[in-house]
file my_file_17.txt (compact mmCIF, C-alpha atoms)
# COMPACT_ATOMS: atom_id res chain seq x y z
CA MET A 150 86.57 17.07 147.33
CA VAL A 151 83.56 19.38 147.39
CA LEU A 152 81.64 20.46 144.29
CA VAL A 153 79.34 23.43 144.74
CA LEU A 154 76.62 24.27 142.22
CA ARG A 155 74.65 27.48 141.77
CA GLY A 156 71.09 26.63 142.75
CA GLU A 157 69.64 29.69 141.01
CA LEU A 158 70.51 28.21 137.61
CA ARG A 159 68.00 25.37 138.14
CA LEU A 160 69.97 22.98 135.96
CA THR A 161 68.53 19.60 135.04
CA ALA A 162 69.97 16.62 136.92
CA GLY A 163 72.03 15.63 133.90
CA LYS A 164 73.44 19.09 133.30
CA ALA A 165 74.22 19.47 137.00
CA ALA A 166 75.99 16.11 137.04
CA VAL A 167 78.16 17.08 134.10
CA GLN A 168 79.18 20.38 135.72
CA VAL A 169 80.16 18.50 138.89
CA ALA A 170 82.12 16.00 136.80
CA HIS A 171 83.94 18.78 134.92
CA ALA A 172 85.01 20.28 138.24
CA ALA A 173 86.14 16.94 139.66
CA VAL A 174 88.26 16.06 136.61
CA LEU A 175 89.89 19.51 136.52
CA LEU A 176 90.69 19.37 140.23
CA SER A 177 92.18 15.90 140.05
CA GLU A 178 94.36 16.98 137.10
CA GLU A 179 95.47 20.11 138.94
CA ALA A 180 96.16 18.18 142.14
CA VAL A 181 98.62 15.95 140.30
CA ARG A 182 100.69 19.05 139.63
CA ARG A 183 100.16 21.06 142.81
CA HIS A 184 98.87 18.95 145.70
CA LEU A 185 100.03 15.38 145.15
CA GLN A 186 100.10 14.51 148.84
CA TRP A 187 96.47 15.53 149.40
CA LEU A 188 95.49 13.82 146.14
CA GLU A 189 97.00 10.53 147.25
CA ALA A 190 95.42 10.74 150.70
CA TRP A 191 92.06 11.45 149.05
CA ARG A 192 92.37 8.50 146.66
CA ALA A 193 93.40 6.20 149.52
CA GLY A 194 90.24 7.26 151.37
CA GLY A 195 87.97 6.34 148.46
CA ALA A 196 88.13 9.61 146.49
CA LYS A 197 85.15 11.03 148.39
CA LYS A 198 83.13 13.70 146.67
CA ILE A 199 80.15 15.65 147.84
CA ALA A 200 77.87 17.91 145.81
CA LEU A 201 76.50 20.98 147.59
CA VAL A 202 74.62 24.06 146.52
CA VAL A 203 74.78 27.83 147.03
CA PRO A 204 71.90 30.10 146.05
CA THR A 205 73.83 32.74 144.07
CA LEU A 206 76.97 33.56 142.10
CA GLU A 207 77.99 36.04 144.81
CA GLU A 208 78.04 33.28 147.39
CA LEU A 209 79.96 31.03 145.04
CA GLU A 210 82.62 33.71 144.63
CA ALA A 211 82.77 34.44 148.36
CA LEU A 212 83.30 30.75 148.99
CA ARG A 213 86.08 30.68 146.44
CA ARG A 214 87.84 33.59 148.14
CA ARG A 215 87.77 31.72 151.43
CA ALA A 216 89.27 28.65 149.75
CA VAL A 217 92.01 30.75 148.14
CA ALA A 218 92.85 32.27 151.52
CA LYS A 219 93.26 28.79 152.99
CA GLY A 220 95.39 27.48 150.12
CA ILE A 221 92.74 24.99 148.98
CA LEU A 222 92.77 24.02 145.28
CA ASN A 223 89.82 25.62 143.55
CA ILE A 224 88.39 25.85 140.07
CA VAL A 225 85.26 27.39 138.59
CA VAL A 226 83.55 25.64 135.72
CA GLN A 227 82.32 27.92 132.95
CA ASP A 228 79.82 26.24 130.75
CA ALA A 229 80.12 26.36 126.97
CA GLY A 230 76.44 27.30 127.04
CA LEU A 231 75.18 25.17 124.22
CA THR A 232 72.04 24.12 126.05
CA GLU A 233 70.64 25.40 129.34
CA VAL A 234 72.69 28.53 130.17
CA PRO A 235 74.38 31.38 128.25
CA PRO A 236 78.03 30.82 127.11
CA GLY A 237 80.55 31.49 129.90
CA THR A 238 78.10 31.05 132.76
CA LYS A 239 79.89 30.06 135.95
CA THR A 240 78.08 26.92 137.04
CA CYS A 241 80.16 25.09 139.63
CA LEU A 242 82.98 25.67 142.11
CA GLY A 243 85.24 22.71 142.83
CA LEU A 244 87.35 22.60 145.98
CA GLY A 245 90.05 20.13 146.96
CA PRO A 246 91.03 17.43 147.34
CA ALA A 247 91.85 18.57 150.87
CA PRO A 248 91.42 17.17 154.38
CA SER A 249 87.95 17.56 155.92
CA SER A 250 89.57 19.73 158.57
CA GLU A 251 90.33 22.26 155.82
CA LEU A 252 87.09 21.99 153.84
CA ASP A 253 84.46 21.66 156.56
CA PRO A 254 84.94 25.12 158.05
CA ILE A 255 84.08 26.76 154.74
CA THR A 256 81.53 24.33 153.25
CA GLY A 257 80.10 22.42 156.22
CA SER A 258 76.95 24.50 156.47
CA LEU A 259 75.88 24.29 152.83
CA PRO A 260 72.94 22.07 151.82
CA LEU A 261 73.32 18.97 149.64
CA LEU A 262 72.52 19.27 145.95
CA MET B 570 82.92 10.89 127.42
CA VAL B 571 79.58 9.34 128.30
CA LEU B 572 78.41 8.63 131.84
CA VAL B 573 75.45 6.29 132.18
CA LEU B 574 73.44 6.02 135.38
CA ARG B 575 70.99 3.33 136.47
CA GLY B 576 67.61 5.02 136.51
CA GLU B 577 66.02 2.33 138.67
CA LEU B 578 68.12 3.44 141.67
CA ARG B 579 66.29 6.79 141.76
CA LEU B 580 69.30 8.60 143.21
CA THR B 581 69.01 12.19 144.38
CA ALA B 582 70.50 14.82 142.06
CA GLY B 583 73.50 15.20 144.37
CA LYS B 584 74.19 11.50 144.65
CA ALA B 585 73.78 11.06 140.90
CA ALA B 586 76.20 13.92 140.23
CA VAL B 587 78.83 12.37 142.47
CA GLN B 588 78.55 8.98 140.75
CA VAL B 589 79.01 10.68 137.37
CA ALA B 590 82.00 12.59 138.74
CA HIS B 591 83.57 9.40 140.13
CA ALA B 592 83.29 7.81 136.70
CA ALA B 593 84.71 10.85 134.90
CA VAL B 594 87.75 11.10 137.19
CA LEU B 595 88.49 7.38 136.93
CA LEU B 596 88.22 7.45 133.14
CA SER B 597 90.49 10.47 132.78
CA GLU B 598 93.09 8.80 135.02
CA GLU B 599 92.88 5.58 133.06
CA ALA B 600 93.06 7.41 129.75
CA VAL B 601 96.39 8.96 130.73
CA ARG B 602 97.77 5.43 130.89
CA ARG B 603 95.93 3.73 128.06
CA HIS B 604 94.41 6.17 125.59
CA LEU B 605 96.46 9.36 125.67
CA GLN B 606 95.69 10.32 122.08
CA TRP B 607 91.92 10.18 122.59
CA LEU B 608 92.31 11.96 125.93
CA GLU B 609 94.17 14.85 124.35
CA ALA B 610 91.68 15.13 121.51
CA TRP B 611 88.85 15.15 124.04
CA ARG B 612 90.49 17.87 126.15
CA ALA B 613 91.18 19.97 123.05
CA GLY B 614 87.48 19.74 122.19
CA GLY B 615 86.40 21.06 125.60
CA ALA B 616 86.33 17.76 127.55
CA LYS B 617 82.70 17.15 126.60
CA LYS B 618 80.70 14.94 128.91
CA ILE B 619 77.13 13.77 128.70
CA ALA B 620 75.06 12.04 131.37
CA LEU B 621 72.57 9.43 130.16
CA VAL B 622 70.41 6.83 131.81
CA VAL B 623 69.55 3.16 131.41
CA PRO B 624 66.63 1.58 133.22
CA THR B 625 68.36 -1.51 134.66
CA LEU B 626 71.66 -3.08 135.70
CA GLU B 627 71.25 -5.66 132.92
CA GLU B 628 71.21 -2.91 130.33
CA LEU B 629 74.21 -1.24 131.96
CA GLU B 630 76.16 -4.46 131.69
CA ALA B 631 75.07 -5.09 128.11
CA LEU B 632 76.25 -1.59 127.23
CA ARG B 633 79.58 -2.25 128.88
CA ARG B 634 80.04 -5.43 126.85
CA ARG B 635 79.48 -3.49 123.65
CA ALA B 636 82.08 -0.92 124.75
CA VAL B 637 84.60 -3.64 125.57
CA ALA B 638 84.06 -5.22 122.15
CA LYS B 639 84.84 -1.87 120.52
CA GLY B 640 87.95 -1.18 122.62
CA ILE B 641 86.38 1.83 124.38
CA LEU B 642 87.67 2.62 127.87
CA ASN B 643 85.04 1.70 130.43
CA ILE B 644 84.63 1.67 134.17
CA VAL B 645 81.78 0.86 136.52
CA VAL B 646 81.41 2.88 139.71
CA GLN B 647 80.52 0.84 142.78
CA ASP B 648 79.19 2.98 145.57
CA ALA B 649 80.51 2.68 149.11
CA GLY B 650 76.84 2.61 150.11
CA LEU B 651 76.95 4.92 153.07
CA THR B 652 73.75 6.72 152.16
CA GLU B 653 71.23 5.88 149.45
CA VAL B 654 72.19 2.40 148.18
CA PRO B 655 73.64 -0.83 149.66
CA PRO B 656 77.46 -1.14 149.68
CA GLY B 657 78.90 -2.30 146.36
CA THR B 658 75.91 -1.22 144.29
CA LYS B 659 76.90 -0.57 140.69
CA THR B 660 75.64 2.93 140.01
CA CYS B 661 77.26 4.32 136.88
CA LEU B 662 79.07 3.18 133.73
CA GLY B 663 81.66 5.55 132.33
CA LEU B 664 82.75 5.28 128.68
CA GLY B 665 85.55 7.10 126.89
CA PRO B 666 86.98 9.51 126.17
CA ALA B 667 86.50 8.35 122.60
CA PRO B 668 85.43 9.89 119.31
CA SER B 669 81.69 10.38 118.82
CA SER B 670 81.94 8.01 115.89
CA GLU B 671 82.84 5.27 118.39
CA LEU B 672 80.45 6.21 121.19
CA ASP B 673 77.32 7.23 119.32
CA PRO B 674 76.52 3.82 117.85
CA ILE B 675 76.27 2.29 121.33
CA THR B 676 74.88 5.19 123.41
CA GLY B 677 73.17 7.49 120.91
CA SER B 678 69.66 6.20 121.61
CA LEU B 679 69.75 6.53 125.41
CA PRO B 680 67.81 9.34 127.12
CA LEU B 681 69.50 12.18 128.99
CA LEU B 682 69.72 11.96 132.77
call {"tool": "encode", "arguments": {"input": "my_file_17.txt", "output": "structure tokens"}}
result
Amino acid sequence: MVLVLRGELRLTAGKAAVQVAHAAVLLSEEAVRRHLQWLEAWRAGGAKKIALVVPTLEELEALRRRAVAKGILNIVVQDAGLTEVPPGTKTCLGLGPAPSSELDPITGSLPLL
Amino acid sequence: MVLVLRGELRLTAGKAAVQVAHAAVLLSEEAVRRHLQWLEAWRAGGAKKIALVVPTLEELEALRRRAVAKGILNIVVQDAGLTEVPPGTKTCLGLGPAPSSELDPITGSLPLL
């Protein structure tokens, strides 16, 4: 599972962590319904997660399109905007769970959060 | 849902976010089995999460004991230790989902991550 934050938002560590957690929970719920086999393989491997960063919303959306084209589960977190960003701001793209062989080609070059 | 990190570990933002996400996923899975009513109320309210920090492991464990005494779902994330901390290090305590009236008395004074 890969969680990708927008670096340009310059979220605090706590706000960033919560966006990543929102994405991870939503993906694991969705995977129960749509990708149970990959979910179980991911859990058996220790439920690995990695937090990465893209500089802009445009790159976040381009990344999402590549995930959609590959059939990888994907969700975008929109923040309620009570604190650091305006309501509805897209903060984080979550991808997976999926095998590394599916995720690495589209996220392998992104820097760590 | 409250996710509490150990400040003394001085994790990077990315590593901290992943620990918080591990805790959130484990709690939401456990809540399906053991606290469905609180889970559904939490989802209906926007699945709020907050990331806080305690200075030491001792305080993390004391906080967990208070949660146990109140019947609040709780999990401790132990990191596989491949990167920033030794294997098995307890990194994060997850609490909830539970009503604010249950969580605030035990976590309300902790600083944000």
call {"tool": "residues_around", "arguments": {"input": "my_file_17.txt", "residues": "segment 222-237 of chain A", "least_positions_apart": "3", "cutoff": "9 Å", "atoms": "all atoms listed in the file", "output": "NGL selection string"}}
result
(:A and (158 or 160-161 or 164 or 168-169 or 171-172 or 175-176 or 179-180 or 183-184 or 213 or 216-217 or 240-247)) or (:B and (615))
call {"tool": "atom_distance", "arguments": {"input": "my_file_17.txt", "atom1": "atom CA of Ala585 of chain B", "atom2": "atom CA of Ala166 of chain A"}}
result
6.7 Å
call {"tool": "closest_residue", "arguments": {"input": "my_file_17.txt", "among": "B:Val573, B:Leu629, B:Ala590, B:Leu605", "to": "chain A", "atoms": "only C-alpha atoms"}}
result
B:Ala590
call {"tool": "calpha_fit_and_write", "arguments": {"input": "my_file_17.txt", "fixed": "chain A", "moving": "chain B", "output": "short mmCIF file (atom, residue, chain, number, x, y, z; two decimals) with C-alpha atoms, in the frame of the given file"}}
result
data_model
loop_
_atom_site.label_atom_id
_atom_site.label_comp_id
_atom_site.auth_asym_id
_atom_site.auth_seq_id
_atom_site.Cartn_x
_atom_site.Cartn_y
_atom_site.Cartn_z
CA MET B 570 86.57 17.07 147.34
CA VAL B 571 83.57 19.38 147.38
CA LEU B 572 81.65 20.46 144.29
CA VAL B 573 79.33 23.44 144.72
CA LEU B 574 76.62 24.27 142.21
CA ARG B 575 74.66 27.49 141.77
CA GLY B 576 71.11 26.63 142.74
CA GLU B 577 69.64 29.69 141.03
CA LEU B 578 70.50 28.22 137.59
CA ARG B 579 67.99 25.39 138.14
CA LEU B 580 69.97 22.99 135.96
CA THR B 581 68.54 19.60 135.04
CA ALA B 582 69.97 16.62 136.93
CA GLY B 583 72.02 15.64 133.88
CA LYS B 584 73.44 19.08 133.30
CA ALA B 585 74.22 19.48 136.99
CA ALA B 586 76.00 16.12 137.05
CA VAL B 587 78.18 17.09 134.11
CA GLN B 588 79.18 20.39 135.72
CA VAL B 589 80.17 18.52 138.89
CA ALA B 590 82.13 16.02 136.80
CA HIS B 591 83.94 18.80 134.92
CA ALA B 592 85.01 20.30 138.23
CA ALA B 593 86.14 16.95 139.66
CA VAL B 594 88.26 16.08 136.62
CA LEU B 595 89.89 19.52 136.53
CA LEU B 596 90.69 19.39 140.24
CA SER B 597 92.20 15.91 140.05
CA GLU B 598 94.38 17.01 137.12
CA GLU B 599 95.48 20.12 138.95
CA ALA B 600 96.16 18.19 142.13
CA VAL B 601 98.62 15.95 140.30
CA ARG B 602 100.68 19.06 139.64
CA ARG B 603 100.16 21.05 142.82
CA HIS B 604 98.87 18.94 145.70
CA LEU B 605 100.02 15.37 145.15
CA GLN B 606 100.09 14.49 148.84
CA TRP B 607 96.47 15.52 149.41
CA LEU B 608 95.48 13.81 146.16
CA GLU B 609 96.99 10.52 147.25
CA ALA B 610 95.41 10.72 150.68
CA TRP B 611 92.06 11.44 149.05
CA ARG B 612 92.36 8.49 146.66
CA ALA B 613 93.39 6.19 149.51
CA GLY B 614 90.24 7.24 151.37
CA GLY B 615 87.97 6.32 148.44
CA ALA B 616 88.12 9.61 146.48
CA LYS B 617 85.15 11.01 148.40
CA LYS B 618 83.14 13.70 146.67
CA ILE B 619 80.15 15.66 147.84
CA ALA B 620 77.87 17.91 145.80
CA LEU B 621 76.50 20.98 147.58
CA VAL B 622 74.62 24.06 146.52
CA VAL B 623 74.78 27.82 147.02
CA PRO B 624 71.92 30.09 146.05
CA THR B 625 73.84 32.74 144.08
CA LEU B 626 76.98 33.54 142.10
CA GLU B 627 77.98 36.05 144.80
CA GLU B 628 78.04 33.30 147.38
CA LEU B 629 79.98 31.04 145.03
CA GLU B 630 82.62 33.71 144.63
CA ALA B 631 82.76 34.45 148.35
CA LEU B 632 83.30 30.74 148.98
CA ARG B 633 86.09 30.67 146.44
CA ARG B 634 87.82 33.59 148.15
CA ARG B 635 87.75 31.72 151.44
CA ALA B 636 89.27 28.66 149.74
CA VAL B 637 92.02 30.75 148.15
CA ALA B 638 92.84 32.29 151.53
CA LYS B 639 93.25 28.80 152.99
CA GLY B 640 95.40 27.48 150.12
CA ILE B 641 92.74 24.98 148.97
CA LEU B 642 92.78 24.03 145.29
CA ASN B 643 89.82 25.62 143.55
CA ILE B 644 88.39 25.87 140.07
CA VAL B 645 85.26 27.40 138.60
CA VAL B 646 83.55 25.63 135.71
CA GLN B 647 82.33 27.92 132.95
CA ASP B 648 79.81 26.24 130.72
CA ALA B 649 80.11 26.35 126.94
CA GLY B 650 76.43 27.30 127.02
CA LEU B 651 75.16 25.13 124.22
CA THR B 652 72.02 24.09 126.06
CA GLU B 653 70.64 25.40 129.34
CA VAL B 654 72.69 28.52 130.17
CA PRO B 655 74.37 31.37 128.23
CA PRO B 656 78.00 30.79 127.13
CA GLY B 657 80.54 31.47 129.87
CA THR B 658 78.09 31.04 132.73
CA LYS B 659 79.88 30.06 135.93
CA THR B 660 78.08 26.92 137.05
CA CYS B 661 80.15 25.09 139.64
CA LEU B 662 82.99 25.67 142.11
CA GLY B 663 85.25 22.72 142.81
CA LEU B 664 87.35 22.61 145.99
CA GLY B 665 90.04 20.13 146.98
CA PRO B 666 91.02 17.43 147.35
CA ALA B 667 91.85 18.55 150.87
CA PRO B 668 91.42 17.19 154.37
CA SER B 669 87.96 17.56 155.91
CA SER B 670 89.57 19.71 158.57
CA GLU B 671 90.34 22.25 155.83
CA LEU B 672 87.11 21.98 153.85
CA ASP B 673 84.48 21.65 156.56
CA PRO B 674 84.94 25.10 158.08
CA ILE B 675 84.08 26.77 154.76
CA THR B 676 81.53 24.34 153.26
CA GLY B 677 80.11 22.41 156.21
CA SER B 678 76.94 24.50 156.49
CA LEU B 679 75.88 24.29 152.83
CA PRO B 680 72.94 22.07 151.83
CA LEU B 681 73.33 18.98 149.66
CA LEU B 682 72.52 19.27 145.96
#
call {"tool": "interface_residues", "arguments": {"input": "my_file_17.txt", "of": "chain B", "to": "chain A", "cutoff": "6 Å", "atoms": "only C-alpha atoms", "output": "list in words"}}
result
Ala582, Gly583, Ala586, Ala590, Val594, Ala620 and Leu682 of chain B
call {"tool": "closest_residue", "arguments": {"input": "my_file_17.txt", "among": "B:Asp673, B:Gln606, B:Lys659, B:Gly614", "to": "Leu626 of chain B", "atoms": "all atoms listed in the file"}}
result
B:Lys659
call {"tool": "atom_distance", "arguments": {"input": "my_file_17.txt", "atom1": "atom CA of Leu679 of chain B", "atom2": "atom CA of Val623 of chain B"}}
result
6.9 Å
call {"tool": "atom_distance", "arguments": {"input": "my_file_17.txt", "atom1": "atom CA of Ser670 of chain B", "atom2": "atom CA of Ile641 of chain B"}}
result
11.4 Å
call {"tool": "axis_aligned_box", "arguments": {"input": "my_file_17.txt", "around": "segment 237-248 of chain A", "padding_each_side": "4 Å", "output": "JSON"}}
result
{"center_x": 85.0, "center_y": 24.3, "center_z": 142.1, "size_x": 21.8, "size_y": 22.3, "size_z": 32.5}
